[in-house]
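Undergrad: Sharing a structure below in structure tokens format, with a few things to ask.
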Amino acid sequence: MRITGGELKGLHVPDTKLNLRPTTNKAKQALFNILNNRIQWETCDALELFAGTGSISFELASRGAKTITAVDLDRQNCKLIRQNADSLKLPLIRTVHADAVTFLRNTKEKWSLIIADPPYNYRHYELLVKLIFEKHLLREDGLLVVEHSRRTNFGALPFFTEQRKYGEVNFSFFDEKDRAGTV
């Protein structure tokens with residue numbers, strides 16, 4: 001995987017041959033172009049759910065996020081993220097081996113930014129969003145971003161603000177500030 005922006009831009013991070021669907025570089029760049037206008041990186045505490053290779057976590061670190069928690073159910077994914085974070089000397093990335101829903105139910109932490117990238121056939125998208133807002137896991141002015149296929153529509157969910165489309169990749173944005181619509 002390649003880091004597309006920030007201090008580590010252009011760096012290739014080993015991702016082995018894990019059976020994953022990582023966010024494409026084009027979609028990742030588009031997402032971070034949006035986030036650059038909404039997030040103050042130097043104070044950003046970020047959570048990546050369904051971290052996979054940690055691609056998003058490494059982008060967050062490259063942009064200057066203060067702390068990053070990468071959660072994944074697969075032990076090998078967590079090991080890979082930890083190894084890459086150690087080799088890049090990025091102690092700000094913490095890995096958690098856990099199911100995303102279980103993690104959300106048990107955590108008391110709050111984040112400025114939560115990015116969830118579950119498998120496209122994931123059946124608990126709405127539960128993830130519900131837990132994050134019911135438990136107030138976002139800091140004031142916090143932002144939730146969910147990556148999903150074009151077949152999934154979150155427009156009717158509370159706190160949904162907009163959806164951005166990049167080919168097959170879609171990002172839905174949620175926050176408690178306003179309710180805009182689909183772009």
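Ordered as shown in the structure tokens, chains take letters A, B, and onward, while each chain numbers its residues from 1 and ligands are numbered from 1 in the order shown.
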Skip Val145 (chain A) itself and residues of its chain fewer than 2 positions away, then list as a list of chain:residue names all residues within 6 Å of it, counting only C-alpha atoms.
TA: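 Using only C-alpha atoms, the neighbours found are A:Ile115, A:Ser172, A:Phe173.
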Undergrad: Could you pull the residues within 7 Å of region 146-151 of chain A, counting only C-alpha atoms, minus those fewer than 2 positions along the same chain, as a VMD selection string?
TA: chain A and resid 115 to 117 120 144 153 168 to 173
Undergrad: Which of region 108-171 of chain A end up as strand (DSSP E) when DSSP is run on this backbone - answer as a list in words?
TA: Trp111, Ser112, Leu113, Ile114, Ile115, Ala116, Leu138, Arg139, Glu140, Asp141, Gly142, Leu143, Leu144, Val145, Val146, Glu147, His148, Phe160, Thr161, Glu162, Gln163, Arg164, Lys165, Tyr166, Val169, Asn170 and Phe171 of chain A
Undergrad: Using only C-alpha atoms, pick whichever of A:His124, A:Lys26, A:Arg2, A:Arg105 has the shortest atom-to-atom distance to Gly167 (chain A).
TA: A:Lys26
Undergrad: How would you write, as a ChimeraX atom specification, the set of residues in region 131-170 of chain A that DSSP gives as helix (DSSP H, G or I)?
TA: /A:131-134
